[in-house]
Structure formats: structure tokens, C-alpha cells
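Asker: Take a look at this one; I'll ask things after.
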Amino acid sequence: MSWINVHRFIFDVDGTLTPSRGKIDMDFGVFFTNFSAYNFVYLVTGSDKDKTIEQVGDEIYSFAKVYNCSGSDVYNGNENVFRNEWKLPVSAREWLEQELADSDFPLRTGLHIEDRPGMVNFSVVGRNATMGERKLYVEWDVENNERNSIAKKFKKQFPSIEAVVGGETGIDIYPVGADKGQILRDFHPQDHIHFFGDRMDNDGNDYPLKKALEKRKGPHNCYHVTDWKETFSILKDLKRQGIIK
């Protein structure tokens with residue numbers, strides 16, 4: 001089998017296929033379900049399995065190979081094919097708890113350090129926040145740049161652990177090397193990879209995969225999208241060009 005021109009499509013989920021913390025749009029969901037049935041589709045997200053299914057639905061999840069927790073918890077349908085059992089060290093957890101106590105953002109909603117396979121997600125406002133509460137934090141973070149600041153301080157304090165801004169309110173934390181770039185272990189060097197993500201900036205959690213693709217030097221396209229609507233538009237254009245079925 002020739003590997004030349006085998007197109008494989010990798011998608012971040014939150015902010016790329018769905019609104020942040022939201023469910024996939026109905027019309028886009030119908031298009032993407034059909035797309036997933038006839039193309040090689042992979043999802044890579046910082047979220048766990050249950051949250052991903054909540055966002056994209058069972059059918060899309062079953063069609064794609066899904067790299068949950070940035071590739072540290074991998075599923076083919078309902079079969080778990082890989083899991084990283086890393087746990088956050090106590091000293092790092094205590095450091096995050098102190099940052100939470102020191103933050104000037106006034107609102108706390110609970111579930112500020114969420115353990116996931118091979119990683120944790122840290123959020124000052126908390127994973128229990130409503131959409132309105134999340135919006136308040138997003139506006140505050142844009143003005144104060146808190147997440148980037150915390151991530152940089154964390155990496156300086158714990159150099160063997162990575163911290164990157166993910167989604168709208170969180171920071172993804174995992175061992176160095178256990179980022180989204182790790183999923184390329186499962187791809188042939190000559191696969192033509194199309195990667196869609198909304199956080200390909202240097203501090204974002206899609207950047208490691210973008211960087212790994214550039215180092216790999218195989219055929220690839222990285223689409224730095226602003227939201228799911230832009231993803232939908234690009235996919236329709238690729239379909240018109242005959243690149244996707």
C-alpha cells in the first residue's frame with residue numbers, strides 16, 4: 001500500500017468542533033457525522049471521554065479514533081487502547097492551591113483541580129462555573145493575562161511538568177512530552193495530516209501538535225481556526241476541491 005496522499009484529519013474539539021464547553025451545532029453535526037464515516041478522522045482534546053461524548057455525541061465519537069486528555073487516554077470506539085496513569089505530585093497540587101487562594105478574581109465555583117488520565121486541568125473560576133460565570137472569567141483573564149502568567153510560573157517551578165492554556169478558562173498540566181504532539185506516534189511519516197485547532201498560539205494546547213507536525217516534515221496542513229463555523233467552512237471548501245469524500 002502506498003502511503004502517499006493518504007489524508008488524515010485531526011481535530012481539537014472545544015472551540016474547534018463545538019462552542020467552548022458546548023455541544024456541536026446540529027447542521028454541522030450532520031455534516032461531520034457523514035464526513036467521519038467516509039474519511040480518516042481523529043479527535044484530540046484535553047477533555048475526558050464522557051465530556052467529549054457530551055459535546056460531539058456517541059455517533060461521531062464511535063466513528064473517530066479519539067485521543068482524550070491530549071493523547072494520554074485513547075479510545076477506538078468504546079475500547080480503551082492506551083492510558084497514561086501519571087498523577088500530579090503533591091507539591092505541584094499544593095502550589096496550584098496557593099495560586100487559587102492568591103488569585104484576585106473574586107468568584108469560585110468548585111472543581112478547580114480536575115484529575116484526568118495522565119493530566120489535570122486547573123481553573124481559577126472552577127469547572128462548575130455556569131456559562132455566565134465562565135464569560136466573566138474570560139473577560140477578566142483577557143485583561144489580566146492570569147492563565148498565561150500562572151502557566152509560566154508553574155513551568156519555572158516544576159520544569160519536568162508542562163502547563164499550557166486550554167479552552168477558555170483552564171490550564172492543562174501534564175508531564176513534559178505528554179502533550180498533543182505525542183499522538184503522532186500512531187501516524188505514518190508520509191500520511192498527509194490536516195490538523196484543525198483554535199489554540200495554536202505559542203501558549204496554547206494545540207501548539208505542541210502544530211510544532212511536532214512542522215518538525216516531522218511530512219505533508220501536513222494546520223488550520224488555526226477561530227471557532228467551529230470556520231472549521232465547517234474549511235471542510236466544505238475541501239469537499240468542493242475533492243480532498244474529502
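Each chain of the C-alpha cells is named A, B, ... in the order shown, its residues numbered from 1; ligands are numbered from 1 in display order.
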Taking 2 positions as the minimum chain separation for residues in the same chain, which residues sit within 12 Å of Val6 in chain A when counting only C-alpha atoms? Answer as a list in words.
Answerer: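 Listing them by chain and then by number gives Met1, Ser2, Trp3, Ile4, Arg8, Phe9, Asn39, Phe40, Val41, Phe187, His188, Pro189, Gln190, Asp191, His192, Ile193, His194, Gly218, Pro219, His220, Ile243 and Ile244 of chain A.
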Asker: Once you have the residues from the selection above, write them out as an mmCIF file, in the first residue's frame, restricted to N, CA and C atoms.
Answerer:
data_model
loop_
_atom_site.group_PDB
_atom_site.id
_atom_site.type_symbol
_atom_site.label_atom_id
_atom_site.label_comp_id
_atom_site.auth_asym_id
_atom_site.auth_seq_id
_atom_site.Cartn_x
_atom_site.Cartn_y
_atom_site.Cartn_z
ATOM 1 N N MET A 1 0.845 -1.204 0.000
ATOM 2 C CA MET A 1 0.000 0.000 0.000
ATOM 3 C C MET A 1 0.874 1.246 0.000
ATOM 4 N N SER A 2 0.578 2.175 -0.896
ATOM 5 C CA SER A 2 1.297 3.444 -0.913
ATOM 6 C C SER A 2 0.699 4.384 0.130
ATOM 7 N N TRP A 3 1.591 5.031 0.893
ATOM 8 C CA TRP A 3 1.123 5.960 1.914
ATOM 9 C C TRP A 3 0.994 7.385 1.386
ATOM 10 N N ILE A 4 1.432 7.604 0.146
ATOM 11 C CA ILE A 4 1.369 8.936 -0.431
ATOM 12 C C ILE A 4 -0.100 9.364 -0.573
ATOM 13 N N ARG A 8 -5.428 12.310 6.425
ATOM 14 C CA ARG A 8 -5.951 12.025 7.759
ATOM 15 C C ARG A 8 -6.262 13.363 8.435
ATOM 16 N N PHE A 9 -7.418 13.426 9.102
ATOM 17 C CA PHE A 9 -7.931 14.688 9.629
ATOM 18 C C PHE A 9 -8.007 14.638 11.149
ATOM 19 N N ASN A 39 -14.072 9.295 5.904
ATOM 20 C CA ASN A 39 -12.701 9.797 5.927
ATOM 21 C C ASN A 39 -11.998 9.315 7.200
ATOM 22 N N PHE A 40 -10.672 9.416 7.218
ATOM 23 C CA PHE A 40 -9.899 9.044 8.401
ATOM 24 C C PHE A 40 -9.923 10.224 9.369
ATOM 25 N N VAL A 41 -10.679 10.080 10.463
ATOM 26 C CA VAL A 41 -10.920 11.191 11.386
ATOM 27 C C VAL A 41 -10.423 10.841 12.782
ATOM 28 N N PHE A 187 0.959 7.659 13.602
ATOM 29 C CA PHE A 187 0.776 8.035 12.202
ATOM 30 C C PHE A 187 2.027 7.724 11.379
ATOM 31 N N HIS A 188 1.813 7.313 10.139
ATOM 32 C CA HIS A 188 2.921 7.043 9.224
ATOM 33 C C HIS A 188 3.560 8.365 8.797
ATOM 34 N N PRO A 189 4.885 8.411 8.638
ATOM 35 C CA PRO A 189 5.564 9.658 8.268
ATOM 36 C C PRO A 189 5.052 10.300 6.988
ATOM 37 N N GLN A 190 4.495 9.492 6.070
ATOM 38 C CA GLN A 190 4.028 10.061 4.808
ATOM 39 C C GLN A 190 2.531 10.330 4.787
ATOM 40 N N ASP A 191 1.837 10.091 5.894
ATOM 41 C CA ASP A 191 0.433 10.491 5.958
ATOM 42 C C ASP A 191 0.313 11.990 5.732
ATOM 43 N N HIS A 192 -0.665 12.390 4.948
ATOM 44 C CA HIS A 192 -0.945 13.822 4.780
ATOM 45 C C HIS A 192 -1.943 14.216 5.862
ATOM 46 N N ILE A 193 -1.461 14.930 6.856
ATOM 47 C CA ILE A 193 -2.270 15.252 8.032
ATOM 48 C C ILE A 193 -2.830 16.670 7.929
ATOM 49 N N HIS A 194 -4.114 16.765 8.173
ATOM 50 C CA HIS A 194 -4.795 18.053 8.261
ATOM 51 C C HIS A 194 -5.201 18.238 9.727
ATOM 52 N N GLY A 218 6.602 15.830 7.222
ATOM 53 C CA GLY A 218 5.740 15.118 6.296
ATOM 54 C C GLY A 218 4.679 16.067 5.772
ATOM 55 N N PRO A 219 3.905 15.665 4.778
ATOM 56 C CA PRO A 219 2.854 16.546 4.248
ATOM 57 C C PRO A 219 1.802 16.844 5.308
ATOM 58 N N HIS A 220 1.500 18.109 5.494
ATOM 59 C CA HIS A 220 0.512 18.489 6.507
ATOM 60 C C HIS A 220 -0.026 19.885 6.237
ATOM 61 N N ILE A 243 -10.892 16.908 -1.924
ATOM 62 C CA ILE A 243 -9.888 16.371 -0.999
ATOM 63 C C ILE A 243 -10.523 15.457 0.019
ATOM 64 N N ILE A 244 -11.785 15.738 0.403
ATOM 65 C CA ILE A 244 -12.510 14.862 1.313
ATOM 66 C C ILE A 244 -13.719 14.282 0.593
#
Asker: Please identify all polymer residues within 9 Å of Lys229 in chain A, counting only C-alpha atoms, omitting same-chain residues fewer than 6 positions from it, and present them as a PyMOL selection string.
Answerer: chain A and resi 16-18+28
Asker: Taking into account only C-alpha atoms, which residue in the set A:Trp140, A:Asn145, A:Gly132, A:Ser91 is nearest to Gln157 in chain A?
Answerer: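 Answer, going by the shortest atom-to-atom distance: A:Ser91.
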Asker: What lies within 10 Å of Phe196 in chain A using only C-alpha atoms, ignoring chain neighbours under 2 positions off, as a PyMOL selection string?
Answerer: chain A and resi 9-13+16-17+43-44+193-194+198-200+206+210+221-225+228+230-231+234
Asker: Hey, what does DSSP flag as strand (DSSP E) within range 136-224 of chain A? Can you give it to me as a PyMOL selection string?
Answerer: chain A and resi 161-166+170-175+192-197+220-224
